[in-house]
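Asks: I am sharing coords_0.txt, which consists of compact mmCIF, C-alpha atoms:
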# COMPACT_ATOMS: atom_id res chain seq x y z
CA MET A 1 163.01 110.97 131.04
CA ASN A 2 164.98 108.43 133.09
CA GLU A 3 168.08 110.48 133.68
CA VAL A 4 170.64 109.42 136.23
CA PRO A 5 170.62 112.14 138.93
CA TRP A 6 174.36 112.59 138.97
CA ARG A 7 177.15 111.65 136.64
CA ALA A 8 180.85 112.37 136.90
CA SER A 9 181.52 112.98 133.24
CA TRP A 10 184.73 114.99 133.36
CA PRO A 11 187.98 113.10 134.08
CA SER A 12 188.86 114.63 137.47
CA ALA A 13 185.44 113.85 138.94
CA THR A 14 185.43 110.37 137.42
CA PHE A 15 188.89 109.66 138.84
CA GLY A 16 187.89 110.86 142.31
CA ALA A 17 184.69 108.85 142.33
CA LEU A 18 186.46 105.76 141.02
CA PHE A 19 189.17 106.11 143.66
CA GLY A 20 186.47 106.33 146.35
CA ALA A 21 184.53 103.35 145.01
CA THR A 22 187.67 101.23 144.92
CA MET A 23 188.76 102.29 148.40
CA LEU A 24 185.35 101.34 149.81
CA ASN A 25 185.91 97.79 148.58
CA LEU A 26 189.37 97.74 150.15
CA LEU A 27 188.04 99.14 153.42
CA ALA A 28 185.78 96.09 153.58
CA VAL A 29 188.79 93.85 152.94
CA GLY A 30 190.86 95.65 155.58
CA ALA A 31 188.11 95.60 158.21
CA LEU A 32 188.19 91.79 158.19
CA LEU A 33 191.95 91.42 158.68
CA PRO A 34 191.98 91.85 162.48
CA THR A 35 188.50 90.39 163.07
CA LEU A 36 188.23 87.19 161.03
CA PRO A 37 191.08 85.39 162.85
CA LEU A 38 189.37 86.13 166.17
CA TYR A 39 186.05 84.91 164.78
CA VAL A 40 187.54 81.68 163.42
CA ARG A 41 189.40 80.93 166.65
CA GLY A 42 186.53 82.10 168.90
CA PRO A 43 182.90 81.49 167.83
CA LEU A 44 183.86 78.93 165.16
CA ASP A 45 186.35 77.19 167.50
CA GLU A 46 188.84 76.35 164.74
CA GLY A 47 192.64 76.22 164.90
CA ASN A 48 195.44 78.31 163.42
CA LEU A 49 195.58 76.17 160.27
CA MET A 50 192.00 77.11 159.45
CA VAL A 51 192.78 80.76 160.16
CA GLY A 52 195.46 80.59 157.46
CA ILE A 53 193.12 78.84 155.03
CA VAL A 54 190.36 81.41 155.58
CA ILE A 55 192.70 84.38 155.13
CA GLY A 56 194.45 82.82 152.11
CA ALA A 57 191.21 81.86 150.32
CA TYR A 58 190.78 85.51 149.37
CA ALA A 59 193.93 85.46 147.23
CA ILE A 60 192.89 82.35 145.28
CA THR A 61 189.90 83.93 143.57
CA GLY A 62 191.68 87.29 143.41
CA ILE A 63 194.40 85.78 141.22
CA ALA A 64 191.96 83.66 139.20
CA PHE A 65 189.37 86.37 138.49
CA ARG A 66 191.61 89.32 137.61
CA PRO A 67 192.31 88.07 134.05
CA ILE A 68 188.62 87.23 133.61
CA ALA A 69 187.65 90.70 134.82
CA GLY A 70 190.13 92.24 132.39
CA VAL A 71 188.63 90.48 129.40
CA LEU A 72 185.11 91.44 130.52
CA ALA A 73 186.20 95.07 130.99
CA ASP A 74 187.28 95.13 127.35
CA SER A 75 184.09 93.49 126.07
CA LYS A 76 181.37 94.71 128.48
CA GLY A 77 182.87 98.02 129.60
CA ARG A 78 184.78 99.19 132.68
CA ARG A 79 181.72 100.37 134.62
CA TRP A 80 179.88 97.06 134.22
CA VAL A 81 182.80 95.13 135.75
CA VAL A 82 183.27 97.60 138.63
CA VAL A 83 179.57 97.44 139.45
CA VAL A 84 179.41 93.64 139.29
CA GLY A 85 182.64 93.35 141.30
CA SER A 86 181.29 95.67 144.00
CA LEU A 87 178.04 93.69 144.11
CA ALA A 88 180.05 90.48 144.57
CA SER A 89 181.89 92.11 147.48
CA ALA A 90 178.57 93.16 149.02
CA VAL A 91 177.20 89.62 148.69
CA ALA A 92 180.39 88.43 150.40
CA GLY A 93 179.50 90.64 153.37
CA ALA A 94 175.96 89.26 153.41
CA PHE A 95 177.32 85.69 153.45
CA LEU A 96 178.85 86.34 156.88
CA PHE A 97 175.34 86.63 158.35
CA LEU A 98 174.35 83.15 157.16
CA PRO A 99 174.17 80.49 159.92
CA LEU A 100 176.48 78.15 158.01
CA GLY A 101 179.61 78.49 160.12
CA LEU A 102 182.88 77.90 158.31
CA VAL A 103 181.16 77.31 154.95
CA ALA A 104 179.73 80.84 155.01
CA VAL A 105 183.10 82.34 155.96
CA LEU A 106 184.99 80.51 153.21
CA GLY A 107 182.32 81.39 150.65
CA SER A 108 182.53 85.00 151.73
CA ARG A 109 186.32 85.10 151.35
CA LEU A 110 186.19 83.55 147.87
CA LEU A 111 183.54 86.05 146.72
CA LEU A 112 185.38 89.00 148.25
CA GLY A 113 188.60 88.08 146.47
CA ALA A 114 186.80 87.85 143.13
CA GLY A 115 184.92 91.11 143.72
CA GLU A 116 187.90 93.19 144.78
CA GLY A 117 190.04 91.73 141.99
CA ALA A 118 187.41 92.68 139.41
CA VAL A 119 187.00 96.22 140.77
CA PHE A 120 190.70 97.06 140.82
CA THR A 121 191.45 95.46 137.45
CA ALA A 122 188.66 97.28 135.60
CA GLY A 123 189.34 100.45 137.58
CA SER A 124 193.01 100.43 136.52
CA ALA A 125 192.03 100.16 132.85
CA TRP A 126 189.45 102.92 133.36
CA VAL A 127 192.07 105.24 134.87
CA ALA A 128 194.39 104.52 131.94
CA ASP A 129 191.54 105.47 129.58
CA ILE A 130 190.86 108.86 131.12
CA ALA A 131 194.40 109.87 132.15
CA PRO A 132 196.31 112.29 129.91
CA GLU A 133 199.23 110.45 128.32
CA ARG A 134 201.81 112.77 129.87
CA ASN A 135 200.47 111.98 133.37
CA ARG A 136 199.35 108.38 132.95
CA ALA A 137 201.86 106.67 135.24
CA ARG A 138 201.31 109.25 137.97
CA LEU A 139 197.53 108.78 137.97
CA ILE A 140 197.81 105.00 137.85
CA GLY A 141 200.11 105.20 140.86
CA ILE A 142 197.77 107.48 142.79
CA TYR A 143 194.84 105.20 141.97
CA GLY A 144 196.84 102.32 143.46
CA LEU A 145 196.88 104.20 146.77
CA ALA A 146 193.21 103.23 147.12
CA ILE A 147 194.48 99.78 148.05
CA TRP A 148 196.97 101.02 150.62
CA ALA A 149 194.48 103.46 152.12
CA GLY A 150 191.84 100.75 152.43
CA LEU A 151 194.23 98.23 153.95
CA SER A 152 195.62 100.83 156.38
CA ILE A 153 192.34 102.35 157.58
CA GLY A 154 190.14 99.28 157.24
CA PRO A 155 191.68 97.32 160.14
CA LEU A 156 191.16 100.29 162.47
CA ILE A 157 187.49 100.43 161.42
CA GLY A 158 187.13 96.69 161.95
CA GLN A 159 188.61 96.80 165.44
CA ALA A 160 186.49 99.78 166.45
CA LEU A 161 183.26 98.25 165.16
CA ARG A 162 183.92 94.91 166.86
CA ALA A 163 184.58 96.67 170.14
CA ALA A 164 181.39 98.75 169.75
CA GLY A 165 178.94 96.09 168.57
CA GLY A 166 180.58 92.72 168.05
CA PHE A 167 181.26 90.78 164.87
CA GLU A 168 177.84 91.49 163.37
CA LEU A 169 178.60 95.20 163.20
CA VAL A 170 181.79 94.43 161.26
CA TRP A 171 179.81 92.18 158.89
CA ALA A 172 177.34 95.04 158.33
CA PHE A 173 180.16 97.38 157.35
CA VAL A 174 181.66 94.77 155.02
CA PHE A 175 178.25 94.57 153.32
CA LEU A 176 177.41 98.29 153.20
CA ALA A 177 180.78 99.65 152.02
CA PRO A 178 180.65 97.76 148.68
CA VAL A 179 176.95 98.65 148.32
CA LEU A 180 177.96 102.32 148.42
CA SER A 181 180.74 101.55 145.95
CA THR A 182 178.13 99.98 143.63
CA VAL A 183 175.97 103.11 143.80
CA ILE A 184 178.92 105.39 143.02
CA ALA A 185 180.19 103.27 140.11
CA SER A 186 176.73 102.84 138.58
CA ARG A 187 176.38 106.62 138.24
CA LEU A 188 179.70 107.19 136.49
CA THR A 189 179.99 107.77 132.77
CA ASP A 190 181.88 104.83 131.32
CA SER A 191 184.98 105.49 129.26
CA ALA A 192 184.78 104.77 125.55
CA VAL A 193 186.33 101.35 125.04
CA ALA A 194 188.17 101.04 121.75
CA PRO A 195 186.52 98.55 119.37
CA ARG A 196 188.30 95.27 118.84
CA PRO A 197 189.95 95.14 115.42
CA ALA A 198 188.78 92.39 113.10
CA GLY A 199 190.68 89.18 113.70
CA GLU A 200 192.10 90.23 117.08
CA ASP A 201 192.00 87.37 119.59
CA ARG A 202 190.45 87.93 123.03
CA THR A 203 192.81 85.84 125.16
CA LEU A 204 192.46 85.39 128.91
CA ILE A 205 196.17 85.94 129.53
CA SER A 206 197.82 88.96 127.91
CA ARG A 207 201.20 87.94 126.49
CA GLU A 208 202.34 91.56 126.41
CA ALA A 209 201.84 91.84 130.18
CA LEU A 210 203.77 88.70 131.09
CA GLY A 211 207.27 90.24 130.97
CA PRO A 212 206.47 93.26 133.16
CA GLY A 213 204.23 90.97 135.24
CA ILE A 214 207.10 88.61 136.05
CA SER A 215 209.11 91.63 137.17
CA MET A 216 206.16 92.73 139.31
CA ALA A 217 205.95 89.28 140.89
CA LEU A 218 209.67 89.27 141.71
CA VAL A 219 209.66 92.69 143.39
CA SER A 220 206.43 91.77 145.21
CA ALA A 221 208.35 88.97 146.88
CA GLY A 222 210.33 91.71 148.64
CA PHE A 223 207.14 93.18 150.02
CA ALA A 224 206.09 89.70 151.15
CA ALA A 225 209.44 89.25 152.89
CA MET A 226 209.07 92.47 154.85
CA ALA A 227 205.40 91.94 155.72
CA SER A 228 206.02 88.37 156.88
CA PHE A 229 209.37 88.53 158.65
CA VAL A 230 210.44 92.04 159.68
CA VAL A 231 208.77 91.82 163.11
CA LEU A 232 210.19 88.34 163.75
CA HIS A 233 213.63 89.45 162.53
CA MET A 234 213.69 92.40 164.90
CA ARG A 235 212.44 90.26 167.79
CA ASP A 236 215.23 87.78 167.05
CA GLU A 237 217.70 90.67 167.34
CA GLY A 238 216.18 91.62 170.70
CA VAL A 239 214.54 94.76 169.28
CA ALA A 240 210.96 95.73 170.10
CA GLY A 241 208.67 97.71 167.79
CA GLY A 242 209.47 95.92 164.54
CA ALA A 243 205.95 96.64 163.29
CA TRP A 244 207.00 100.29 162.91
CA ALA A 245 209.03 99.20 159.88
CA PHE A 246 205.82 98.42 158.00
CA THR A 247 204.40 101.80 159.01
CA ALA A 248 207.56 103.50 157.75
CA PHE A 249 207.28 101.57 154.48
CA ALA A 250 203.62 102.55 154.01
CA VAL A 251 204.18 106.24 154.81
CA SER A 252 207.20 106.38 152.51
CA LEU A 253 205.24 104.71 149.71
CA VAL A 254 202.29 107.08 149.94
CA LEU A 255 204.38 110.27 150.17
CA SER A 256 206.78 109.17 147.44
CA ARG A 257 203.98 108.23 145.06
CA LEU A 258 202.33 111.63 145.57
CA ILE A 259 205.62 113.49 145.11
CA ALA A 260 207.57 111.33 142.66
CA GLY A 261 204.79 109.36 140.95
CA GLY A 262 205.38 111.23 137.68
CA LEU A 263 208.99 110.06 137.28
CA PRO A 264 208.11 107.20 134.87
CA ASP A 265 206.26 109.69 132.65
CA ARG A 266 209.22 112.07 132.56
CA LEU A 267 212.25 109.78 132.61
CA GLY A 268 210.89 106.65 130.99
CA PRO A 269 209.40 103.64 132.78
CA ARG A 270 212.28 101.21 132.21
CA ARG A 271 214.94 103.58 133.54
CA VAL A 272 212.86 104.28 136.64
CA ALA A 273 212.08 100.59 137.13
CA LEU A 274 215.79 99.74 136.92
CA VAL A 275 216.79 102.29 139.57
CA ALA A 276 213.81 101.51 141.78
CA ALA A 277 214.51 97.76 141.71
CA LEU A 278 218.10 98.45 142.79
CA PHE A 279 216.85 100.63 145.63
CA GLU A 280 214.41 97.93 146.72
CA ALA A 281 217.32 95.49 146.84
CA ILE A 282 219.31 97.97 148.95
CA GLY A 283 216.37 98.47 151.31
CA LEU A 284 215.86 94.72 151.73
CA ALA A 285 219.58 94.17 152.37
CA VAL A 286 219.61 96.94 154.98
CA ILE A 287 216.62 95.37 156.76
CA GLY A 288 218.22 91.93 156.63
CA LEU A 289 221.48 93.21 158.12
CA ALA A 290 219.79 95.49 160.68
CA ASN A 291 220.23 94.84 164.38
CA THR A 292 218.65 98.10 165.55
CA LEU A 293 215.23 99.59 164.86
CA PRO A 294 216.50 102.84 163.24
CA VAL A 295 218.47 100.85 160.66
CA ALA A 296 215.44 98.68 159.88
CA LEU A 297 213.29 101.80 159.54
CA ALA A 298 215.81 103.31 157.11
CA GLY A 299 215.65 100.18 154.97
CA ALA A 300 211.85 100.22 155.04
CA ILE A 301 211.77 103.88 153.94
CA VAL A 302 214.06 103.12 150.99
CA MET A 303 211.84 100.16 150.08
CA GLY A 304 208.76 102.35 150.26
CA TRP A 305 210.21 104.82 147.76
CA ALA A 306 211.22 102.01 145.43
CA PHE A 307 207.83 100.32 145.57
CA SER A 308 206.04 103.63 145.04
CA VAL A 309 207.38 103.96 141.49
CA LEU A 310 207.83 100.29 140.52
CA TYR A 311 204.12 99.60 140.06
CA PRO A 312 203.36 102.66 137.86
CA SER A 313 206.59 102.13 135.89
CA LEU A 314 205.81 98.51 135.04
CA SER A 315 202.16 99.42 134.39
CA LEU A 316 203.25 102.03 131.85
CA ILE A 317 205.43 99.47 130.08
CA VAL A 318 202.37 97.22 129.77
CA LEU A 319 200.20 100.04 128.46
CA ARG A 320 202.69 100.94 125.77
CA ARG A 321 202.73 97.36 124.50
CA VAL A 322 198.98 96.76 124.08
CA PRO A 323 196.29 98.42 121.96
CA GLU A 324 193.49 100.28 123.72
CA SER A 325 191.08 97.48 122.86
CA ARG A 326 192.97 95.10 125.18
CA ARG A 327 193.89 97.33 128.12
CA GLY A 328 191.53 95.52 130.46
CA SER A 329 192.97 92.13 129.58
CA ALA A 330 196.51 93.45 130.04
CA PHE A 331 195.73 94.85 133.47
CA GLY A 332 193.98 91.63 134.42
CA THR A 333 197.16 89.67 133.81
CA PHE A 334 199.46 92.32 135.25
CA THR A 335 197.61 92.96 138.52
CA ALA A 336 197.33 89.20 139.14
CA THR A 337 201.11 88.95 139.17
CA PHE A 338 201.34 91.13 142.30
CA ASP A 339 199.11 88.69 144.20
CA LEU A 340 201.04 85.77 142.74
CA GLY A 341 204.35 87.29 143.81
CA VAL A 342 203.13 87.71 147.38
CA ALA A 343 201.53 84.25 147.45
CA LEU A 344 204.68 82.50 146.22
CA GLY A 345 207.26 84.95 147.57
CA ALA A 346 206.36 84.57 151.23
CA PRO A 347 206.91 80.79 151.36
CA LEU A 348 210.07 80.99 149.21
CA VAL A 349 211.56 83.60 151.52
CA GLY A 350 210.42 81.40 154.40
CA VAL A 351 212.51 78.54 152.98
CA ALA A 352 215.53 80.85 152.79
CA VAL A 353 214.94 81.94 156.39
CA THR A 354 214.71 78.30 157.49
CA LEU A 355 217.99 77.46 155.76
CA GLY A 356 220.04 80.53 156.62
CA GLY A 357 218.19 82.79 159.05
CA TYR A 358 216.39 86.09 158.59
CA GLU A 359 219.39 87.77 156.97
CA ALA A 360 219.46 85.09 154.26
CA GLY A 361 215.71 85.51 153.65
CA PHE A 362 215.96 89.25 153.05
CA LEU A 363 219.09 88.87 150.92
CA PHE A 364 217.28 86.27 148.80
CA ALA A 365 214.44 88.76 148.22
CA ALA A 366 217.05 91.43 147.40
CA ALA A 367 218.55 89.11 144.77
CA LEU A 368 215.14 88.81 143.10
CA ALA A 369 214.92 92.62 142.90
CA ILE A 370 218.44 92.76 141.42
CA ALA A 371 217.30 90.29 138.76
CA VAL A 372 214.54 92.74 137.80
CA ALA A 373 217.04 95.62 137.59
CA ALA A 374 219.36 93.49 135.45
CA THR A 375 216.50 92.60 133.10
CA GLN A 376 215.62 96.25 132.58
CA ALA A 377 219.30 97.13 132.05
CA VAL A 378 219.66 94.45 129.36
CA ILE A 379 216.53 95.65 127.55
CA LEU A 380 217.67 99.28 127.65
CA ALA A 381 221.16 98.35 126.42
CA SER A 382 219.77 96.29 123.54
CA ARG A 383 217.60 99.20 122.46
CA ARG A 384 220.55 101.59 122.46
CA ARG A 385 222.53 99.18 120.25
CA ARG A 386 219.66 98.73 117.79
CA PRO A 387 220.54 100.50 114.51
CA ALA A 388 218.22 103.23 113.30
CA LEU A 389 216.24 102.34 110.17
As structure tokens, how would this structure be written, given the file I've shared?
Replies:
Amino acid sequence: MNEVPWRASWPSATFGALFGATMLNLLAVGALLPTLPLYVRGPLDEGNLMVGIVIGAYAITGIAFRPIAGVLADSKGRRWVVVVGSLASAVAGAFLFLPLGLVAVLGSRLLLGAGEGAVFTAGSAWVADIAPERNRARLIGIYGLAIWAGLSIGPLIGQALRAAGGFELVWAFVFLAPVLSTVIASRLTDSAVAPRPAGEDRTLISREALGPGISMALVSAGFAAMASFVVLHMRDEGVAGGAWAFTAFAVSLVLSRLIAGGLPDRLGPRRVALVAALFEAIGLAVIGLANTLPVALAGAIVMGWAFSVLYPSLSLIVLRRVPESRRGSAFGTFTATFDLGVALGAPLVGVAVTLGGYEAGFLFAAALAIAVAATQAVILASRRRRPAL
């Protein structure tokens, strides 16, 4: 008998193992954030423009491959996509050992973006499959913390490994972490994917996810604004320690998602999304108007709470609009919109900053969040006016 030695067949164990497998991929991503710029500027002797290209290459394949991964998750199964995605991330780590200079680094970044995008997209659909309906938004939100945990802890690991053994030790970690993720995912029991009804199209882009996805992209621009400009804004005001605003945001997001992540399940996802988008706008406006660190921290904490429930709320709206047979495709489209919002939001806010200063940049991002709140309010109002049949 060729039995797999261990399988997590009950939902809690599957969720925990899937969370761990996903976080291992994100730890690899995070470990490169503080080390790759030093490698590009140092051993590769390239300039700041190439640093930006190398770091940004990751997002290109991340956006492109998420919809593809979603379709494959529906047709091949969630586990298959998570395993293949983790293997792609491991190969990305191996690429860094190749003596091909910048070509190896760019190839690695493109593979890593595709691998991580595939893992999180299929993993999100998998969590939706196994989560009880009454707790679905909460578990989707907690699963999303795998990203924040990986991106928070990963840079510390990368710095420590580089200090202990140089760049090669970091490359080894970036290779081995996804290998371990592959082992974990390969031993999980896949969820039962609903069969595709006869005549149902298997489209790359899920139309049902586009509306909530546009909202996700708009609120993600607020995150891009804070991540890109809060330190510079505080420095312009003569305030040191602006980086603490991002820490306050991250801590608030994690704690709020653990405590309040079930609000969309209990109160309805559109109502929660409306209120949360308004609070994100308030947080962004407070940061933009801040001239002291405590005020900026208060704005970041408000933003963290808002962001903690926006993603699960909009995810739940998507899930309620698509059949089980197309969950993977829906998440592929939806999760890509977060990356798209950050990729486009940062330069758009940068234009606003150039034209009117940091305050104008944050107020522009706040206006985008208000647009999301207004959209949800209009939809809710139209549903209340709809006559009962």
Asks: Give me, as JSON lines, the closest atom pair and its distance (Å, one decimal) for every residue of stretch 175-255 of chain A within a cut-off of 9 Å of stretch 88-107 of chain A, counting only C-alpha atoms, rows sorted by chain and rising number.
Replies:
{"residue": "A:Phe175", "atom": "CA", "partner": "A:Gly93", "partner_atom": "CA", "distance": 4.1}
{"residue": "A:Leu176", "atom": "CA", "partner": "A:Ala90", "partner_atom": "CA", "distance": 6.7}
{"residue": "A:Ala177", "atom": "CA", "partner": "A:Ala90", "partner_atom": "CA", "distance": 7.5}
{"residue": "A:Pro178", "atom": "CA", "partner": "A:Ala90", "partner_atom": "CA", "distance": 5.1}
{"residue": "A:Val179", "atom": "CA", "partner": "A:Ala90", "partner_atom": "CA", "distance": 5.8}
{"residue": "A:Thr182", "atom": "CA", "partner": "A:Ala90", "partner_atom": "CA", "distance": 8.7}
Asks: To one decimal place in Å, what is the distance between atom CA of A:Pro347 and atom CA of A:Ala217?
Replies: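 Here the two named atoms are 13.5 Å from each other.
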Asks: Can you tell me, as JSON, numbers by chain, what residues are no more than 9 Å from A:Ile130 when counting all atoms listed in the file, ignoring any on the same chain fewer than 3 positions away?
Replies: {"A": [10, 11, 12, 14, 15, 125, 126, 127, 133, 136, 191]}
Asks: Rank nothing, just name the residue among A:Ala276, A:Ala137, A:Ala306, A:Ala300 nearest to A:Ala377, using all atoms listed in the file.
Replies: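 Checking each candidate against A:Ala377, we get A:Ala276 as the closest.
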Asks: Let me make sure I understand: among A:Gly150, A:Gly350, A:Pro212, A:Gly345, which one has the smallest atom-to-atom distance to A:Tyr311 if we use only C-alpha atoms?
Replies: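 Ranked by minimum distance to A:Tyr311, first place goes to A:Pro212.
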Asks: When you draw a straight line from atom CA of A:Ile140 to atom CA of A:Arg327, how long is it in Å?
Replies: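 Atom CA of A:Ile140 sits 13.0 Å away from atom CA of A:Arg327.
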Asks: Need to verify the contact set: A:Met216, 9 Å, all atoms listed in the file, exclusion of same-chain residues closer than 2 positions in sequence. Can you return it as an MDAnalysis selection string?
Replies: chainID A and resid 211:214 218:221 310:311 314 334:335 337:338 341 372
Asks: To one decimal in Å, tell me the separation between atom CA of A:Gly328 and atom CA of A:Gly154.
Replies: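 We find that atom CA of A:Gly328 and atom CA of A:Gly154 lie 27.1 Å from each other.
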Asks: List the neighbours of A:Asn135 out to 9 Å using all atoms listed in the file; skip same-chain residues closer than 5 positions along the sequence, and give me the result as a PyMOL selection string.
Replies: chain A and resi 140+262+265-266
Asks: Enumerate, in order of chain and increasing residue number, the residues of stretch 104-123 of chain A with an atom no farther than 8 Å from stretch 57-63 of chain A, each with its shortest atom pair and distance in Å to one decimal, counting all atoms listed in the file, as JSON lines.
Replies:
{"residue": "A:Leu106", "atom": "CA", "partner": "A:Ala57", "partner_atom": "CA", "distance": 7.0}
{"residue": "A:Arg109", "atom": "CA", "partner": "A:Tyr58", "partner_atom": "CA", "distance": 4.9}
{"residue": "A:Leu110", "atom": "CA", "partner": "A:Tyr58", "partner_atom": "CA", "distance": 5.2}
{"residue": "A:Leu111", "atom": "CA", "partner": "A:Thr61", "partner_atom": "CA", "distance": 7.4}
{"residue": "A:Leu112", "atom": "CA", "partner": "A:Tyr58", "partner_atom": "CA", "distance": 6.5}
{"residue": "A:Gly113", "atom": "CA", "partner": "A:Gly62", "partner_atom": "CA", "distance": 4.4}
{"residue": "A:Ala114", "atom": "CA", "partner": "A:Gly62", "partner_atom": "CA", "distance": 4.9}
{"residue": "A:Gly115", "atom": "CA", "partner": "A:Gly62", "partner_atom": "CA", "distance": 7.8}
{"residue": "A:Glu116", "atom": "CA", "partner": "A:Gly62", "partner_atom": "CA", "distance": 7.1}
{"residue": "A:Gly117", "atom": "CA", "partner": "A:Gly62", "partner_atom": "CA", "distance": 4.9}
{"residue": "A:Ala118", "atom": "CA", "partner": "A:Gly62", "partner_atom": "CA", "distance": 8.0}
Asks: Of the candidates A:Pro294, A:Pro312, A:Pro132, A:Gly241, which one gets nearest to A:Arg270 if we count all atoms listed in the file?
Replies: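 With all atoms listed in the file as the atom set, the closest residue is A:Pro312.
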Asks: With a distance cut-off of 9 Å and only C-alpha atoms, select the neighbouring residues of A:Leu297, excluding the residue or stretch itself and same-chain residues fewer than 4 positions from it, and output the selection as a list in words.
Replies: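 Within the cut-off, the hits are Gly242, Trp244, Ala245, Phe246, Thr247, Ala248, Phe249, Ile287, Thr292, Leu293, Ile301 and Val302 of chain A.
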Asks: From the options A:Leu27, A:Ala227, A:Leu36, A:Ile370, which residue's atoms come nearest to A:Ile153, counting all atoms listed in the file?
Replies: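 Of the candidates, the smallest distance to A:Ile153 is held by A:Leu27.
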Asks: I need the residue nearest A:Leu156 from this list: A:Pro34, A:Gly144, A:Gly332, A:Gly304. Use all atoms listed in the file for the distance.
Replies: A:Pro34
Asks: Using all atoms listed in the file, which residue out of A:Leu348, A:Leu24, A:Val378, A:Val54 lies closest to A:Leu38?
Replies: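 Of the candidates, the smallest distance to A:Leu38 is held by A:Val54.
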Asks: So that I can check the surroundings of stretch 162-170 of chain A, please list as a ChimeraX atom specification every protein, DNA and RNA residue that reaches within 9 Å of it, counting only C-alpha atoms and ignoring chain neighbours fewer than 2 positions away.
Replies: /A:28,31-32,35-36,39,96-97,157-160,172-175
